[in-house]
Amino acid sequence: ISSVSLLLIALSGHMSAHFKQESHIFSSISGVLSSSASVTIAFLLALADVNNIELTRPELIKMAIMVENNFVGISCGKLDPSCEVYAKKDSMLYFDAKDDSFEIIPKPENMKPFQIAIFFSGVQRTLVGSKFNTRVDELKSAAYSLMAFSGMNYGRFSEAVLRDVPKEIFENHKHELPENFRKRAEHYYSEQDRVIKGRKAFIEGDIEEYGRLSF
């Protein structure tokens, strides 16, 4: 709550109403299915509401990312908060992280009935303290290296993304990358392909193919 409050104060210049932080709220969060982005957005909306602060959806997403990056310590992007802000029931959200454009695709009438089951394995996992941040750095390193190998124009390392590197360049220069850089890049390109195929399957009402692609 403290990080969310600071961001709202920075945005609006003031904040008169606050929440009393109860420890049982936070002790229960770790035992349920949730994400830090969803919890952050919930607090943002609640604090903004009691202080009569209007937040646009892009502002919500930007502030959630700032909390993740600067307070939680995770080098994540905009996918999680964007899903939580833009997604609609009985629809697919097709989101482009490069330009923030998105498409809401309603569930086709010809799609077979389905249910989504969520199982708790008993194994808890957090990104803080994991190798997640290292893998983000490896991905950026792969993008920066491929730009240099191929003669592409590039700017700052922090701005390097594989979205700006055509897959053909990766195929031509992947042998020059360290193994971990190559593995991260291969995963990125395969995920891009999976998302495009998944969108097509969903639009066509092919839930079997969509499920196969999801797992």
# chains A, B, ... in the order shown; residues from 1 in each chain; ligands from 1

call {"tool": "residues_around", "arguments": {"residues": "stretch 92-107 of chain A", "least_positions_apart": "2", "cutoff": "12 Å", "atoms": "only C-alpha atoms", "output": "JSON, numbers by chain"}}
result
{"A": [57, 58, 61, 62, 77, 78, 79, 80, 81, 82, 83, 84, 85, 86, 87, 88, 89, 90, 109, 110, 111, 112, 113, 114, 159, 160, 161, 162, 163, 164, 192, 195, 196, 197, 198, 199, 200, 201, 202, 203, 204, 205, 206, 207, 210]}

call {"tool": "residues_around", "arguments": {"residues": "A:Phe181", "least_positions_apart": "4", "cutoff": "12 Å", "atoms": "only C-alpha atoms", "output": "VMD selection string"}}
result
chain A and resid 134 to 146 162 170 173 to 177 185 to 188

call {"tool": "write_last_selection", "arguments": {"atoms": "N, CA and C atoms", "output": "mmCIF file, in the first residue's frame"}}
result
data_model
loop_
_atom_site.group_PDB
_atom_site.id
_atom_site.type_symbol
_atom_site.label_atom_id
_atom_site.label_comp_id
_atom_site.auth_asym_id
_atom_site.auth_seq_id
_atom_site.Cartn_x
_atom_site.Cartn_y
_atom_site.Cartn_z
ATOM 1 N N THR A 134 17.366 -12.041 -14.333
ATOM 2 C CA THR A 134 18.522 -12.440 -15.146
ATOM 3 C C THR A 134 18.075 -12.827 -16.554
ATOM 4 N N ARG A 135 16.968 -13.529 -16.647
ATOM 5 C CA ARG A 135 16.476 -13.953 -17.954
ATOM 6 C C ARG A 135 16.007 -12.764 -18.784
ATOM 7 N N VAL A 136 15.452 -11.756 -18.126
ATOM 8 C CA VAL A 136 15.094 -10.526 -18.840
ATOM 9 C C VAL A 136 16.353 -9.877 -19.410
ATOM 10 N N ASP A 137 17.421 -9.824 -18.612
ATOM 11 C CA ASP A 137 18.686 -9.252 -19.076
ATOM 12 C C ASP A 137 19.264 -10.068 -20.237
ATOM 13 N N GLU A 138 19.151 -11.385 -20.149
ATOM 14 C CA GLU A 138 19.658 -12.238 -21.229
ATOM 15 C C GLU A 138 18.881 -12.003 -22.523
ATOM 16 N N LEU A 139 17.594 -11.792 -22.388
ATOM 17 C CA LEU A 139 16.765 -11.530 -23.567
ATOM 18 C C LEU A 139 17.158 -10.211 -24.216
ATOM 19 N N LYS A 140 17.358 -9.188 -23.403
ATOM 20 C CA LYS A 140 17.790 -7.900 -23.938
ATOM 21 C C LYS A 140 19.187 -7.996 -24.548
ATOM 22 N N SER A 141 20.041 -8.774 -23.918
ATOM 23 C CA SER A 141 21.393 -8.966 -24.445
ATOM 24 C C SER A 141 21.347 -9.646 -25.804
ATOM 25 N N ALA A 142 20.440 -10.606 -25.958
ATOM 26 C CA ALA A 142 20.284 -11.285 -27.249
ATOM 27 C C ALA A 142 19.844 -10.292 -28.319
ATOM 28 N N ALA A 143 18.879 -9.458 -27.979
ATOM 29 C CA ALA A 143 18.390 -8.459 -28.939
ATOM 30 C C ALA A 143 19.504 -7.482 -29.320
ATOM 31 N N TYR A 144 20.232 -6.988 -28.327
ATOM 32 C CA TYR A 144 21.298 -6.010 -28.572
ATOM 33 C C TYR A 144 22.410 -6.628 -29.424
ATOM 34 N N SER A 145 22.755 -7.877 -29.113
ATOM 35 C CA SER A 145 23.814 -8.561 -29.856
ATOM 36 C C SER A 145 23.414 -8.799 -31.302
ATOM 37 N N LEU A 146 22.181 -9.244 -31.505
ATOM 38 C CA LEU A 146 21.717 -9.509 -32.865
ATOM 39 C C LEU A 146 21.664 -8.239 -33.703
ATOM 40 N N LEU A 162 13.537 -7.812 -28.707
ATOM 41 C CA LEU A 162 13.567 -8.715 -29.857
ATOM 42 C C LEU A 162 12.434 -8.443 -30.834
ATOM 43 N N PHE A 170 17.779 -13.413 -36.535
ATOM 44 C CA PHE A 170 18.104 -14.388 -35.497
ATOM 45 C C PHE A 170 18.590 -15.699 -36.107
ATOM 46 N N HIS A 173 22.176 -15.395 -37.317
ATOM 47 C CA HIS A 173 23.246 -15.068 -36.363
ATOM 48 C C HIS A 173 23.128 -15.809 -35.035
ATOM 49 N N LYS A 174 22.187 -16.733 -34.893
ATOM 50 C CA LYS A 174 22.003 -17.381 -33.604
ATOM 51 C C LYS A 174 23.222 -18.170 -33.161
ATOM 52 N N HIS A 175 24.005 -18.644 -34.097
ATOM 53 C CA HIS A 175 25.205 -19.402 -33.746
ATOM 54 C C HIS A 175 26.269 -18.530 -33.084
ATOM 55 N N GLU A 176 26.134 -17.206 -33.204
ATOM 56 C CA GLU A 176 27.097 -16.287 -32.599
ATOM 57 C C GLU A 176 26.719 -15.918 -31.160
ATOM 58 N N LEU A 177 25.529 -16.301 -30.746
ATOM 59 C CA LEU A 177 25.058 -15.941 -29.408
ATOM 60 C C LEU A 177 25.498 -16.964 -28.358
ATOM 61 N N ALA A 185 16.069 -16.188 -26.870
ATOM 62 C CA ALA A 185 15.558 -15.692 -28.151
ATOM 63 C C ALA A 185 14.677 -16.735 -28.829
ATOM 64 N N GLU A 186 15.098 -17.985 -28.791
ATOM 65 C CA GLU A 186 14.287 -19.048 -29.392
ATOM 66 C C GLU A 186 12.925 -19.130 -28.720
ATOM 67 N N HIS A 187 12.912 -18.988 -27.409
ATOM 68 C CA HIS A 187 11.646 -19.018 -26.676
ATOM 69 C C HIS A 187 10.760 -17.851 -27.096
ATOM 70 N N TYR A 188 11.359 -16.673 -27.236
ATOM 71 C CA TYR A 188 10.589 -15.490 -27.634
ATOM 72 C C TYR A 188 9.915 -15.702 -28.993
#

call {"tool": "atom_distance", "arguments": {"atom1": "atom CA of A:Glu168", "atom2": "atom CA of A:Arg156"}}
result
22.4 Å

call {"tool": "select_by_dssp", "arguments": {"residues": "stretch 14-201 of chain A", "states": "helix (DSSP H, G or I)", "output": "NGL selection string"}}
result
:A and (23-29 or 36-50 or 57-72 or 79-86 or 132-150 or 157-159 or 162-164 or 167-176 or 179-201)

call {"tool": "select_by_dssp", "arguments": {"residues": "stretch 66-128 of chain A", "states": "strand (DSSP E)", "output": "count of residues only"}}
result
10

call {"tool": "closest_residue", "arguments": {"among": "A:Ile65, A:Met147, A:Leu44, A:Val128", "to": "A:Asn172", "atoms": "only C-alpha atoms"}}
result
A:Met147

call {"tool": "closest_residue", "arguments": {"among": "A:Ala37, A:Glu208, A:Ser214, A:Phe71", "to": "A:Glu191", "atoms": "only C-alpha atoms"}}
result
A:Ser214

call {"tool": "closest_residue", "arguments": {"among": "A:Glu171, A:Asp49, A:Glu209, A:Glu68", "to": "A:Ser150", "atoms": "only C-alpha atoms"}}
result
A:Glu171

call {"tool": "atom_distance", "arguments": {"atom1": "atom CA of A:Tyr189", "atom2": "atom CA of A:Gly211"}}
result
19.6 Å
